[in-house]
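*Asks:* See input-v7.cif below, with mmCIF, C-alpha atoms.
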```cif
data_query
loop_
_atom_site.label_atom_id
_atom_site.label_comp_id
_atom_site.auth_asym_id
_atom_site.auth_seq_id
_atom_site.Cartn_x
_atom_site.Cartn_y
_atom_site.Cartn_z
CA MET A 1 29.75 -23.15 13.47
CA ALA A 2 27.98 -23.12 10.14
CA GLU A 3 28.66 -20.12 7.95
CA ARG A 4 25.87 -17.58 8.16
CA SER A 5 24.39 -16.33 4.96
CA GLY A 6 23.16 -12.84 5.64
CA ARG A 7 20.11 -11.44 3.95
CA VAL A 8 19.51 -7.95 2.69
CA ILE A 9 16.34 -6.68 4.31
CA CYS A 10 14.44 -3.48 3.97
CA ASP A 11 12.38 -2.47 6.96
CA ILE A 12 10.19 0.58 6.72
CA THR A 13 7.04 2.13 8.12
CA ILE A 14 4.63 3.43 5.48
CA SER A 15 1.19 4.98 5.39
CA VAL A 16 -1.54 2.87 3.83
CA ASP A 17 -0.99 4.83 0.59
CA GLY A 18 2.70 3.95 0.57
CA TYR A 19 4.48 7.06 1.84
CA ALA A 20 7.44 6.78 4.22
CA ALA A 21 7.47 10.49 5.06
CA GLY A 22 5.82 13.71 4.00
CA LEU A 23 7.20 16.49 1.87
CA ASN A 24 9.33 19.38 3.13
CA GLN A 25 11.87 17.78 5.46
CA THR A 26 13.71 20.25 7.72
CA GLU A 27 16.03 19.82 10.68
CA LYS A 28 13.14 20.33 13.08
CA ARG A 29 10.77 18.18 11.02
CA PRO A 30 12.74 15.16 9.74
CA PHE A 31 9.55 13.56 8.43
CA GLY A 32 8.22 16.79 6.95
CA ASP A 33 4.48 17.11 6.42
CA ASP A 34 3.63 13.82 8.10
CA GLY A 35 0.25 14.88 9.40
CA GLY A 36 1.76 15.36 12.86
CA ASP A 37 4.60 17.45 14.21
CA GLY A 38 7.03 16.30 11.53
CA SER A 39 9.05 14.20 13.97
CA GLY A 40 7.82 10.92 12.55
CA ALA A 41 6.09 10.24 15.88
CA ARG A 42 2.81 9.80 14.03
CA LEU A 43 4.19 7.26 11.54
CA HIS A 44 6.08 5.45 14.28
CA ALA A 45 3.46 5.65 17.05
CA TRP A 46 3.36 1.85 16.91
CA MET A 47 7.00 1.75 18.12
CA PHE A 48 6.88 4.59 20.61
CA ASP A 49 3.37 4.33 22.05
CA THR A 50 2.87 0.56 21.96
CA PRO A 51 6.36 -0.98 22.18
CA ASP A 52 5.27 -4.01 24.19
CA GLU A 53 2.74 -5.00 21.58
CA ASN A 54 5.39 -4.76 18.87
CA ARG A 55 8.45 -6.02 20.68
CA ALA A 56 9.23 -8.76 18.16
CA GLU A 57 9.25 -6.37 15.20
CA ILE A 58 11.33 -3.79 17.03
CA ASP A 59 13.87 -6.38 18.17
CA GLN A 60 14.04 -7.87 14.69
CA MET A 61 15.01 -4.49 13.29
CA ALA A 62 17.81 -4.05 15.81
CA ALA A 63 19.15 -7.56 15.12
CA ALA A 64 20.76 -6.58 11.83
CA GLU A 65 24.55 -6.40 11.95
CA ALA A 66 25.01 -3.57 9.50
CA PHE A 67 22.73 -0.79 8.27
CA ILE A 68 22.46 1.31 5.13
CA MET A 69 20.63 4.60 4.88
CA GLY A 70 20.22 7.49 2.50
CA ARG A 71 21.60 10.86 3.35
CA ASN A 72 18.20 12.46 3.88
CA MET A 73 17.40 9.83 6.44
CA PHE A 74 20.71 10.59 8.14
CA GLY A 75 20.11 14.30 8.32
CA PRO A 76 18.97 17.60 6.84
CA VAL A 77 22.40 18.76 5.59
CA ARG A 78 22.49 19.09 1.80
CA GLY A 79 25.56 19.61 -0.37
CA ALA A 80 28.96 19.69 1.36
CA TRP A 81 29.24 18.75 5.05
CA ASP A 82 29.38 22.35 6.20
CA ARG A 83 28.70 21.49 9.82
CA GLN A 84 29.05 18.57 12.18
CA TRP A 85 25.87 16.53 11.85
CA ASN A 86 25.84 13.11 13.53
CA GLY A 87 22.38 11.83 12.73
CA TRP A 88 18.99 12.34 14.35
CA TRP A 89 19.65 9.75 17.05
CA GLY A 90 21.85 11.52 19.60
CA GLY A 91 25.14 10.35 21.10
CA GLU A 92 24.19 6.68 21.45
CA PRO A 93 22.21 5.70 18.34
CA PRO A 94 20.04 2.58 18.42
CA PHE A 95 21.99 0.76 15.70
CA HIS A 96 24.93 -0.56 17.76
CA ALA A 97 26.57 -1.57 14.50
CA PRO A 98 28.18 0.02 11.42
CA VAL A 99 25.86 2.30 9.46
CA PHE A 100 26.68 3.09 5.84
CA VAL A 101 25.35 6.47 4.76
CA LEU A 102 24.96 7.14 1.03
CA THR A 103 26.22 10.59 0.07
CA HIS A 104 27.95 12.43 -2.75
CA HIS A 105 30.23 14.19 -0.27
CA ALA A 106 33.17 12.36 1.31
CA ARG A 107 33.58 12.45 5.06
CA ASP A 108 35.64 10.53 7.62
CA PRO A 109 33.89 7.82 9.62
CA GLN A 110 32.19 9.03 12.80
CA THR A 111 32.27 6.76 15.83
CA MET A 112 29.41 7.13 18.29
CA ASN A 113 28.79 5.54 21.69
CA GLY A 114 27.33 2.07 21.95
CA GLY A 115 28.95 0.49 18.92
CA THR A 116 27.54 2.63 16.11
CA THR A 117 29.99 4.00 13.54
CA TYR A 118 28.73 6.08 10.62
CA HIS A 119 30.60 5.40 7.40
CA PHE A 120 30.05 7.71 4.46
CA VAL A 121 29.93 6.01 1.05
CA THR A 122 30.34 8.12 -2.06
CA ASP A 123 30.60 5.47 -4.75
CA GLY A 124 27.06 4.18 -4.92
CA ILE A 125 24.59 1.68 -3.55
CA THR A 126 26.43 -1.45 -4.69
CA SER A 127 29.62 -0.36 -2.98
CA ALA A 128 27.69 0.47 0.19
CA LEU A 129 26.15 -2.99 0.15
CA THR A 130 29.50 -4.70 -0.39
CA ARG A 131 30.93 -2.84 2.57
CA ALA A 132 27.86 -3.50 4.71
CA ARG A 133 27.95 -7.22 3.90
CA ALA A 134 31.60 -7.40 4.87
CA ALA A 135 30.88 -5.55 8.12
CA ALA A 136 27.91 -7.79 8.91
CA ASP A 137 30.18 -10.82 8.46
CA GLY A 138 27.36 -13.18 7.52
CA GLY A 139 24.69 -11.39 9.54
CA ASP A 140 21.78 -9.51 8.02
CA VAL A 141 22.14 -6.11 6.39
CA LEU A 142 19.21 -3.80 6.90
CA VAL A 143 18.44 -1.10 4.37
CA GLN A 144 16.79 1.30 6.74
CA GLY A 145 15.46 3.93 4.38
CA GLY A 146 14.26 6.28 3.29
CA ALA A 147 11.94 5.16 0.56
CA THR A 148 14.15 6.64 -2.16
CA THR A 149 17.11 4.57 -1.04
CA ILE A 150 15.06 1.39 -0.73
CA ASN A 151 13.61 1.99 -4.19
CA GLN A 152 17.12 2.16 -5.62
CA TYR A 153 18.02 -1.16 -4.01
CA LEU A 154 14.74 -2.71 -5.22
CA ALA A 155 15.40 -1.45 -8.74
CA ALA A 156 18.85 -3.06 -8.61
CA GLY A 157 17.36 -6.36 -7.46
CA LEU A 158 19.40 -6.34 -4.26
CA ILE A 159 16.68 -6.82 -1.61
CA ASP A 160 15.85 -10.31 -0.28
CA GLU A 161 13.11 -9.44 2.16
CA LEU A 162 10.68 -6.57 2.70
CA ARG A 163 9.32 -5.81 6.15
CA LEU A 164 6.57 -3.25 5.90
CA HIS A 165 4.83 -1.65 8.83
CA LEU A 166 1.59 -0.29 7.43
CA VAL A 167 0.01 2.47 9.49
CA PRO A 168 -3.66 3.44 9.29
CA PHE A 169 -3.74 6.80 7.59
CA THR A 170 -2.89 8.31 4.23
CA LEU A 171 -0.32 11.03 3.58
CA GLY A 172 -1.01 11.76 -0.08
CA ALA A 173 2.49 13.05 -0.91
CA GLY A 174 6.13 12.46 -0.07
CA PRO A 175 8.75 9.80 -0.83
CA ARG A 176 6.75 6.72 -1.81
CA LEU A 177 7.89 3.14 -1.45
CA PHE A 178 8.03 1.23 -4.78
CA GLU A 179 8.02 4.46 -6.84
CA GLY A 180 10.10 3.74 -9.91
CA ALA A 181 10.87 0.21 -8.75
CA PRO A 182 10.41 -2.53 -11.32
CA SER A 183 7.70 -5.17 -11.21
CA LEU A 184 8.34 -7.34 -8.20
CA ARG A 185 6.96 -10.75 -7.43
CA LEU A 186 6.73 -11.41 -3.73
CA GLU A 187 5.95 -14.26 -1.42
CA GLN A 188 3.99 -13.47 1.70
CA VAL A 189 5.95 -14.64 4.72
CA SER A 190 3.74 -13.30 7.49
CA SER A 191 1.34 -10.61 8.53
CA ARG A 192 0.17 -9.49 11.91
CA SER A 193 -1.98 -6.62 13.08
CA ALA A 194 -1.41 -4.76 16.30
CA THR A 195 -3.45 -1.78 17.49
CA LEU A 196 -1.66 0.88 15.47
CA VAL A 197 0.00 -1.06 12.66
CA THR A 198 -0.11 -4.08 10.38
CA HIS A 199 3.22 -5.83 9.95
CA LEU A 200 3.75 -7.44 6.54
CA THR A 201 6.79 -9.50 5.63
CA TYR A 202 7.49 -10.47 2.03
CA ARG A 203 10.28 -12.41 0.39
CA VAL A 204 11.32 -10.99 -2.98
CA LEU A 205 11.11 -13.72 -5.61
CA PRO A 206 13.64 -13.90 -8.44
CA MET B 1 -37.40 -5.69 13.19
CA ALA B 2 -34.92 -2.93 14.02
CA GLU B 3 -34.16 -0.51 11.23
CA ARG B 4 -30.88 -1.31 9.52
CA SER B 5 -28.34 1.43 9.01
CA GLY B 6 -26.41 0.52 5.91
CA ARG B 7 -22.75 1.35 5.52
CA VAL B 8 -20.92 2.49 2.42
CA ILE B 9 -18.06 0.11 1.85
CA CYS B 10 -15.34 0.00 -0.72
CA ASP B 11 -13.91 -3.40 -1.46
CA ILE B 12 -10.99 -3.67 -3.81
CA THR B 13 -7.99 -5.84 -4.64
CA ILE B 14 -4.74 -3.91 -5.02
CA SER B 15 -1.11 -4.72 -5.63
CA VAL B 16 1.26 -4.01 -2.75
CA ASP B 17 2.09 -0.70 -4.44
CA GLY B 18 -1.56 0.29 -4.53
CA TYR B 19 -2.70 -0.36 -8.10
CA ALA B 20 -6.12 -1.87 -8.83
CA ALA B 21 -5.38 -2.55 -12.50
CA GLY B 22 -2.68 -1.91 -15.08
CA LEU B 23 -2.68 0.61 -17.88
CA ASN B 24 -4.21 0.05 -21.33
CA GLN B 25 -7.60 -1.54 -20.68
CA THR B 26 -9.21 -3.12 -23.73
CA GLU B 27 -12.22 -5.36 -24.22
CA LYS B 28 -10.02 -8.44 -24.21
CA ARG B 29 -7.89 -7.16 -21.33
CA PRO B 30 -10.19 -5.48 -18.80
CA PHE B 31 -7.34 -5.12 -16.30
CA GLY B 32 -4.85 -3.97 -18.92
CA ASP B 33 -1.16 -4.48 -18.23
CA ASP B 34 -1.69 -6.41 -15.02
CA GLY B 35 1.41 -8.55 -15.30
CA GLY B 36 -0.73 -11.44 -16.50
CA ASP B 37 -3.15 -11.93 -19.37
CA GLY B 38 -5.04 -8.71 -18.61
CA SER B 39 -8.10 -10.58 -17.34
CA GLY B 40 -7.46 -9.64 -13.74
CA ALA B 41 -6.89 -13.32 -12.98
CA ARG B 42 -3.50 -12.46 -11.54
CA LEU B 43 -4.83 -9.76 -9.19
CA HIS B 44 -7.78 -11.94 -8.22
CA ALA B 45 -6.00 -15.29 -8.00
CA TRP B 46 -6.90 -15.29 -4.30
CA MET B 47 -10.60 -15.48 -5.27
CA PHE B 48 -10.35 -17.82 -8.21
CA ASP B 49 -7.52 -20.17 -7.22
CA THR B 50 -8.07 -20.32 -3.46
CA PRO B 51 -11.78 -19.63 -2.87
CA ASP B 52 -12.10 -21.96 0.11
CA GLU B 53 -9.37 -20.16 1.98
CA ASN B 54 -11.06 -16.83 1.34
CA ARG B 55 -14.72 -17.76 1.60
CA ALA B 56 -15.52 -15.20 4.30
CA GLU B 57 -14.16 -12.28 2.29
CA ILE B 58 -15.86 -13.41 -0.92
CA ASP B 59 -19.20 -13.88 0.83
CA GLN B 60 -18.89 -10.54 2.55
CA MET B 61 -18.53 -8.84 -0.82
CA ALA B 62 -21.65 -10.50 -2.18
CA ALA B 63 -23.64 -9.55 0.92
CA ALA B 64 -24.04 -5.92 -0.12
CA GLU B 65 -27.54 -5.00 -1.26
CA ALA B 66 -26.58 -2.44 -3.87
CA PHE B 67 -23.41 -1.80 -5.83
CA ILE B 68 -21.79 1.20 -7.47
CA MET B 69 -19.14 1.03 -10.16
CA GLY B 70 -17.38 3.29 -12.60
CA ARG B 71 -17.97 2.95 -16.28
CA ASN B 72 -14.52 1.56 -17.01
CA MET B 73 -15.14 -1.19 -14.53
CA PHE B 74 -18.44 -1.91 -16.27
CA GLY B 75 -16.94 -2.16 -19.71
CA PRO B 76 -14.61 -0.97 -22.44
CA VAL B 77 -17.16 1.19 -24.30
CA ARG B 78 -16.19 4.87 -24.28
CA GLY B 79 -18.38 7.82 -25.32
CA ALA B 80 -21.93 7.07 -26.44
CA TRP B 81 -23.41 3.59 -25.97
CA ASP B 82 -22.85 2.60 -29.59
CA ARG B 83 -23.34 -1.08 -28.94
CA GLN B 84 -25.06 -3.35 -26.45
CA TRP B 85 -22.59 -3.93 -23.64
CA ASN B 86 -23.92 -5.64 -20.51
CA GLY B 87 -20.83 -5.84 -18.33
CA TRP B 88 -17.96 -8.30 -18.13
CA TRP B 89 -19.95 -10.80 -16.06
CA GLY B 90 -22.17 -12.59 -18.55
CA GLY B 91 -25.92 -13.17 -18.42
CA GLU B 92 -26.09 -13.87 -14.70
CA PRO B 93 -23.75 -11.45 -12.94
CA PRO B 94 -22.59 -12.21 -9.39
CA PHE B 95 -24.20 -9.10 -7.86
CA HIS B 96 -27.80 -10.34 -7.54
CA ALA B 97 -28.77 -6.77 -6.68
CA PRO B 98 -29.05 -3.34 -8.30
CA VAL B 99 -25.78 -2.03 -9.74
CA PHE B 100 -25.43 1.71 -10.34
CA VAL B 101 -23.00 2.47 -13.15
CA LEU B 102 -21.51 5.99 -13.32
CA THR B 103 -21.51 7.33 -16.87
CA HIS B 104 -21.91 10.55 -18.82
CA HIS B 105 -24.20 8.83 -21.32
CA ALA B 106 -27.81 8.08 -20.47
CA ARG B 107 -29.13 4.58 -21.01
CA ASP B 108 -32.19 2.62 -19.94
CA PRO B 109 -31.81 0.16 -17.09
CA GLN B 110 -30.71 -3.32 -18.11
CA THR B 111 -32.16 -6.28 -16.25
CA MET B 112 -30.05 -9.42 -16.13
CA ASN B 113 -30.74 -12.88 -14.78
CA GLY B 114 -30.40 -13.62 -11.09
CA GLY B 115 -31.56 -10.30 -9.67
CA THR B 116 -28.96 -7.94 -11.12
CA THR B 117 -30.20 -4.77 -12.81
CA TYR B 118 -27.75 -2.26 -14.21
CA HIS B 119 -28.85 1.35 -13.70
CA PHE B 120 -26.96 4.09 -15.51
CA VAL B 121 -26.44 7.27 -13.51
CA THR B 122 -25.47 10.44 -15.34
CA ASP B 123 -25.72 13.04 -12.59
CA GLY B 124 -22.75 12.19 -10.43
CA ILE B 125 -21.47 10.14 -7.52
CA THR B 126 -23.72 11.65 -4.85
CA SER B 127 -26.81 10.90 -6.88
CA ALA B 128 -25.64 7.35 -7.51
CA LEU B 129 -25.12 6.87 -3.78
CA THR B 130 -28.54 8.26 -2.94
CA ARG B 131 -30.14 5.85 -5.37
CA ALA B 132 -28.00 2.93 -4.17
CA ARG B 133 -28.89 3.63 -0.54
CA ALA B 134 -32.57 3.68 -1.39
CA ALA B 135 -32.24 0.43 -3.30
CA ALA B 136 -30.28 -1.21 -0.46
CA ASP B 137 -33.10 -0.22 1.91
CA GLY B 138 -30.88 -0.16 4.99
CA GLY B 139 -28.42 -2.78 3.76
CA ASP B 140 -24.82 -2.07 2.82
CA VAL B 141 -23.81 -0.31 -0.38
CA LEU B 142 -20.60 -1.54 -1.91
CA VAL B 143 -18.51 0.77 -4.07
CA GLN B 144 -16.94 -1.89 -6.20
CA GLY B 145 -14.40 0.10 -8.15
CA GLY B 146 -12.36 0.89 -10.03
CA ALA B 147 -9.81 2.84 -8.06
CA THR B 148 -10.78 6.10 -9.78
CA THR B 149 -14.38 5.77 -8.66
CA ILE B 150 -13.40 4.83 -5.11
CA ASN B 151 -11.02 7.79 -4.96
CA GLN B 152 -13.87 10.12 -5.89
CA TYR B 153 -16.00 8.72 -3.07
CA LEU B 154 -13.08 8.96 -0.63
CA ALA B 155 -12.46 12.57 -1.65
CA ALA B 156 -16.13 13.33 -0.99
CA GLY B 157 -15.95 11.74 2.46
CA LEU B 158 -18.63 9.20 1.59
CA ILE B 159 -16.91 5.91 2.48
CA ASP B 160 -17.43 4.31 5.91
CA GLU B 161 -15.27 1.24 5.53
CA LEU B 162 -12.37 0.12 3.33
CA ARG B 163 -11.77 -3.53 2.61
CA LEU B 164 -8.45 -3.97 0.88
CA HIS B 165 -7.16 -7.22 -0.52
CA LEU B 166 -3.42 -6.71 -0.86
CA VAL B 167 -1.74 -9.05 -3.32
CA PRO B 168 1.98 -9.83 -3.30
CA PHE B 169 3.39 -8.13 -6.34
CA THR B 170 3.88 -4.63 -7.67
CA LEU B 171 2.38 -3.22 -10.88
CA GLY B 172 4.16 0.14 -11.05
CA ALA B 173 1.46 1.91 -13.10
CA GLY B 174 -2.28 2.06 -13.54
CA PRO B 175 -5.24 3.45 -11.59
CA ARG B 176 -3.99 3.75 -8.01
CA LEU B 177 -6.10 3.63 -4.88
CA PHE B 178 -5.90 6.82 -2.76
CA GLU B 179 -4.48 8.87 -5.65
CA GLY B 180 -5.82 12.39 -5.18
CA ALA B 181 -7.78 11.40 -2.10
CA PRO B 182 -7.45 13.66 0.91
CA SER B 183 -5.68 12.73 4.13
CA LEU B 184 -7.63 9.94 5.76
CA ARG B 185 -7.48 8.74 9.32
CA LEU B 186 -8.38 5.10 9.63
CA GLU B 187 -9.02 2.59 12.35
CA GLN B 188 -7.77 -0.92 11.77
CA VAL B 189 -10.66 -3.32 12.10
CA SER B 190 -8.97 -6.54 11.11
CA SER B 191 -6.27 -8.14 9.03
CA ARG B 192 -5.73 -11.66 7.90
CA SER B 193 -3.24 -13.29 5.57
CA ALA B 194 -4.09 -16.18 3.31
CA THR B 195 -1.70 -17.80 0.86
CA LEU B 196 -2.14 -15.30 -1.96
CA VAL B 197 -3.48 -12.19 -0.23
CA THR B 198 -3.63 -10.14 2.93
CA HIS B 199 -7.10 -8.85 3.80
CA LEU B 200 -7.15 -5.49 5.56
CA THR B 201 -10.30 -3.83 6.86
CA TYR B 202 -10.29 -0.21 7.98
CA ARG B 203 -12.99 2.07 9.28
CA VAL B 204 -12.72 5.63 7.99
CA LEU B 205 -12.60 8.05 10.94
CA PRO B 206 -14.27 11.45 10.75
#
```
So that I can check it, write out the structure of this file as structure tokens.
*Replies:*
Amino acid sequence: MAERSGRVICDITISVDGYAAGLNQTEKRPFGDDGGDGSGARLHAWMFDTPDENRAEIDQMAAAEAFIMGRNMFGPVRGAWDRQWNGWWGGEPPFHAPVFVLTHHARDPQTMNGGTTYHFVTDGITSALTRARAAADGGDVLVQGGATTINQYLAAGLIDELRLHLVPFTLGAGPRLFEGAPSLRLEQVSSRSATLVTHLTYRVLP
Amino acid sequence: MAERSGRVICDITISVDGYAAGLNQTEKRPFGDDGGDGSGARLHAWMFDTPDENRAEIDQMAAAEAFIMGRNMFGPVRGAWDRQWNGWWGGEPPFHAPVFVLTHHARDPQTMNGGTTYHFVTDGITSALTRARAAADGGDVLVQGGATTINQYLAAGLIDELRLHLVPFTLGAGPRLFEGAPSLRLEQVSSRSATLVTHLTYRVLP
């Protein structure tokens, strides 16, 4: 079998003004002031309310063989791990693969049901990517978010492909995709509109 | 003939991070630090380099029967009209209709070839819209830009439809669409990708 050459992909849902969440995240409102109940259900209505229409994009996300996320995407705990927090996704998270969580606070890996293990990486985004690449073993690595984490990877020139899911409202404040990222040249790979979303895929040019 | 009920449309080309121009506009560089020569040719390559592919969107823009623009879009002159400046578009501008220019400095109307007359409006965006609606006589009014002007109209709840032309690069700084605008709920009307652009049309919901 030919050796697979995994890509580094970021995949994120943003409002038409570029925000991936609102301000004021809490445990009960992981997406903060998102114009809805804070659960992210408004931003992700395309996934939850119209999954059939968006099956390809949802499946594509799940096809990655390792994931990276920022600590705020993982949970509301700040500072030291002063309680057992195992992500927002319950006992069987939808990743079914290793997930590398960026944090300043060391913690042992946490194995969940269904093939997901959370690994906690304290030595930076490059180290997390090296570990994720090794875990993916030639498959794709997906930088899941949030926007702040993706922006760090964009700034470091480490993203090959952007998959944006643009939803039809503005948020006006929050973590914004591309904030602080350098000038990027992109190539449009595809776009498709469904009822509640426009899917845009770009390749990052050197 | 049935009475026409004109819409108020904004039509603007933006980078994927939402900027309609770069910083540092000058007479020689109307789009400032736009990652190219400042002429806007980079942002508008879809119009100039691939017009056949984008004929529908270009024609749709020209179909408006009155236009509104901010003074910085009209030209580089600041403060009083201390010299004769008749826009960036030469002796026969592509509007072929009345153009209402927002300014704090009164000036007599300027008639150009081909049906364009520049009117200078000193009493605000609502007044400019009232005059543009009257001039359009039931046809569409197009708020042409820049982003700052469109944001004022969005904040005032005066836009019916947004036509965005999303181009595949980031600018990182400049006048940004939606900056300071309130939360908007939109309905996706259409989207289409061409080689150098994705066209997105949204209706603004009440």
*Asks:* List the neighbours of region 124-131 of chain B out to 12 Å using all atoms listed in the file; skip same-chain residues closer than 6 positions along the sequence, and give me the result as a ChimeraX atom specification.
*Replies:* /B:6-9,65-71,98-106,118,137-138,140-143,148-159
*Asks:* Any idea which chain B residues end up within 6 Å of chain A if we count only C-alpha atoms, as an NGL selection string please?
*Replies:* :B and (168-171 or 183-186)
*Asks:* Would you compute the distance between CA of Pro175 (chain A) and CA of Gln110 (chain A)? Give it in Å to one decimal.
*Replies:*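 We find that CA of Pro175 (chain A) and CA of Gln110 (chain A) lie 27.1 Å from each other.
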*Asks:* Expanded to explicit residues, what is the PyMOL selection byres ((chain A and resi 12) around 6) for this file, as a count of residues only?
*Replies:* 3
*Asks:* Can you measure CA of Ala135 (chain A) to CA of Gly115 (chain A) for me? One decimal in Å is fine.
*Replies:*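 Distance between the two atoms: 12.5 Å.
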*Asks:* Between CA of Thr201 (chain B) and CA of Ser39 (chain B), what is the spacing in Å?
*Replies:*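 Taking CA of Ser39 (chain B) and CA of Thr201 (chain B), their separation equals 25.2 Å.
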*Asks:* Might you pull out every residue within 8 Å of Asp33 (chain A), with all atoms listed in the file counted and same-chain residues fewer than 4 positions away left off, and present them as a list in words?
*Replies:*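 Contacts, in chain order: Ala21, Gly22, Leu23, Asn24, Gln25, Arg29, Asp37 and Gly38 of chain A.
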*Asks:* What does the file look like for those residues with C-alpha atoms, as a PDB file, in the frame of the given file?
*Replies:*
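Output file result-v8.pdb follows:
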```pdb
ATOM      1  CA  ALA A  21       7.470  10.490   5.060  1.00  0.00           C
ATOM      2  CA  GLY A  22       5.820  13.710   4.000  1.00  0.00           C
ATOM      3  CA  LEU A  23       7.200  16.490   1.870  1.00  0.00           C
ATOM      4  CA  ASN A  24       9.330  19.380   3.130  1.00  0.00           C
ATOM      5  CA  GLN A  25      11.870  17.780   5.460  1.00  0.00           C
ATOM      6  CA  ARG A  29      10.770  18.180  11.020  1.00  0.00           C
ATOM      7  CA  ASP A  37       4.600  17.450  14.210  1.00  0.00           C
ATOM      8  CA  GLY A  38       7.030  16.300  11.530  1.00  0.00           C
TER       9      GLY A  38
END
```
*Asks:* Counting only C-alpha atoms, which residue out of A:Gly87, A:Pro206, A:Gly174, A:Gly79 sits closest to Gly32 (chain A)?
*Replies:*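 Nearest to Gly32 (chain A): A:Gly174.
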*Asks:* Could you check which of A:Gln60, A:Asn72, A:Ala136, A:Trp81 is closest to Ala97 (chain A), using all atoms listed in the file?
*Replies:*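 Closest to Ala97 (chain A) of all the choices is A:Ala136.
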*Asks:* For the file shown, report as a list in words the outcome of the PyMOL selection byres ((chain B and resi 57-59) around 10) at residue level.
*Replies:*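 Checked against the file, the PyMOL selection byres ((chain B and resi 57-59) around 10) matches Asp11, Trp46, Met47, Pro51, Asp52, Glu53, Asn54, Arg55, Ala56, Gln60, Met61, Ala62, Ala63, Ala64, Arg163, His165 and His199 of chain B.
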*Asks:* Print the selection's residues with C-alpha atoms to a file, as an mmCIF file, in the frame of the given file.
*Replies:*
```cif
data_model
loop_
_atom_site.group_PDB
_atom_site.id
_atom_site.type_symbol
_atom_site.label_atom_id
_atom_site.label_comp_id
_atom_site.auth_asym_id
_atom_site.auth_seq_id
_atom_site.Cartn_x
_atom_site.Cartn_y
_atom_site.Cartn_z
ATOM 1 C CA ASP B 11 -13.910 -3.400 -1.460
ATOM 2 C CA TRP B 46 -6.900 -15.290 -4.300
ATOM 3 C CA MET B 47 -10.600 -15.480 -5.270
ATOM 4 C CA PRO B 51 -11.780 -19.630 -2.870
ATOM 5 C CA ASP B 52 -12.100 -21.960 0.110
ATOM 6 C CA GLU B 53 -9.370 -20.160 1.980
ATOM 7 C CA ASN B 54 -11.060 -16.830 1.340
ATOM 8 C CA ARG B 55 -14.720 -17.760 1.600
ATOM 9 C CA ALA B 56 -15.520 -15.200 4.300
ATOM 10 C CA GLN B 60 -18.890 -10.540 2.550
ATOM 11 C CA MET B 61 -18.530 -8.840 -0.820
ATOM 12 C CA ALA B 62 -21.650 -10.500 -2.180
ATOM 13 C CA ALA B 63 -23.640 -9.550 0.920
ATOM 14 C CA ALA B 64 -24.040 -5.920 -0.120
ATOM 15 C CA ARG B 163 -11.770 -3.530 2.610
ATOM 16 C CA HIS B 165 -7.160 -7.220 -0.520
ATOM 17 C CA HIS B 199 -7.100 -8.850 3.800
#
```
*Asks:* List, as a ChimeraX atom specification, every residue that the PyMOL selection byres ((chain B and resi 92) around 9) selects in the file provided.
*Replies:* /B:89-91,93-96,112-116
